[in-house]
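Accompanying notes for the structure given below.
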Amino acid sequence: MKALYGFTPTLAPFAEKSVKEQVALLKQWGCDAIFGGYDDPALVEELHAQGMKIYAEFACFQGKQWWKTIPASRPTLADGTLLDPIDWYHGVNPSEPTVREQLLAKLGTLVEEHELDGVWLDFIRWPCRGRWSHRACCVPPLMQQRYSALPPIAISTMTPPRRGEKSQRLPVTTRINGTHGGLPRLPLGLPRQALSFMPSGRPSH
């Protein structure tokens, strides 16, 4: 798939062009899809008429506004130290119930109100910036409470394989209900392909 990310009708190549002309230009470039522009029903209709797809980008666990409105969403070290942002990146604690509830509500509204072919769940990997990934971080009080209430995790031992030997699988028995049991489902009958997950990088341009 060859897609244009960040489409808006005000971009220089598309400004002052009709919807049909915009879609014709995209096809001329060999695009199969675009990310953005879904607020214009006429554009969505023309894209679909030409066999093209339109997607939305949905930021999940990132955003300075979360730290302001829900302080518990800010990542925390085991000793209680609050992590600072990395440049523009403000990682958001995905175990915070209010964050999950609000994200699911926004996502539900997005797919209900727009004729989308899919949604790119951006920043769903957490944390996804280098310096945070290498620290003993992100142990918010809520997560500590939930994990401390669970029975111990039983992990079987294994001997590392010698050179030339096949690796053994490591069976792990765990209980994770305490961390996601309260997560509500989307109140939608969405097809599987409606939500797409890209663990890193950007869509191809």
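In the structure tokens, the first chain shown is A, the next is B, and so on; residue numbers restart at 1 for each chain, and ligands run from 1 in the order shown.
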Do you know which residues are at most 8 Å from A:Gly6 counting only C-alpha atoms, after dropping those on the same chain fewer than 2 positions away, and could you put them as a ChimeraX atom specification?
/A:4,8,34-36
Since we have the selection now, will you write its residues out, keeping N, CA, C and O atoms, as a PDB file, in the first residue's frame?
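Ended up saving to again.pdb:
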ATOM      1  N   LEU A   4      -0.546   8.427   1.602  1.00  0.00           N
ATOM      2  CA  LEU A   4      -0.109   9.778   1.954  1.00  0.00           C
ATOM      3  C   LEU A   4      -0.546  10.055   3.386  1.00  0.00           C
ATOM      4  O   LEU A   4      -1.737  10.026   3.692  1.00  0.00           O
ATOM      5  N   THR A   8      -4.355  17.036   4.145  1.00  0.00           N
ATOM      6  CA  THR A   8      -5.363  18.077   4.357  1.00  0.00           C
ATOM      7  C   THR A   8      -5.565  18.780   3.018  1.00  0.00           C
ATOM      8  O   THR A   8      -4.618  18.901   2.230  1.00  0.00           O
ATOM      9  N   ILE A  34      -5.054   7.452   1.960  1.00  0.00           N
ATOM     10  CA  ILE A  34      -4.564   8.644   2.650  1.00  0.00           C
ATOM     11  C   ILE A  34      -4.913   8.541   4.131  1.00  0.00           C
ATOM     12  O   ILE A  34      -5.835   7.830   4.523  1.00  0.00           O
ATOM     13  N   PHE A  35      -4.147   9.241   4.952  1.00  0.00           N
ATOM     14  CA  PHE A  35      -4.426   9.393   6.373  1.00  0.00           C
ATOM     15  C   PHE A  35      -4.835  10.844   6.591  1.00  0.00           C
ATOM     16  O   PHE A  35      -4.036  11.762   6.390  1.00  0.00           O
ATOM     17  N   GLY A  36      -6.087  11.068   6.986  1.00  0.00           N
ATOM     18  CA  GLY A  36      -6.590  12.420   7.183  1.00  0.00           C
ATOM     19  C   GLY A  36      -7.618  12.787   6.130  1.00  0.00           C
ATOM     20  O   GLY A  36      -7.828  12.070   5.151  1.00  0.00           O
TER      21      GLY A  36
END
Which residues, written as a VMD selection string, have at least one atom at most 10 Å from A:Cys60, with only C-alpha atoms counted and residues fewer than 4 positions away on the same chain left out?
chain A and resid 91 to 92 94 99 to 100 103 to 104 107 120 to 126
note - atom CA of A:Lys27 and atom CA of A:Leu110 are separated by 25.9 Å
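Contact shell of A:Asn93 at 7 Å (only C-alpha atoms; same-chain neighbours under 4 positions omitted): Phe61, Ser73, Arg74 and Pro75 of chain A.
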If you run DSSP over the backbone, which residues in stretch 37-123 of chain A end up strand (DSSP E)? Put them as a ChimeraX atom specification.
/A:53-59,118-122
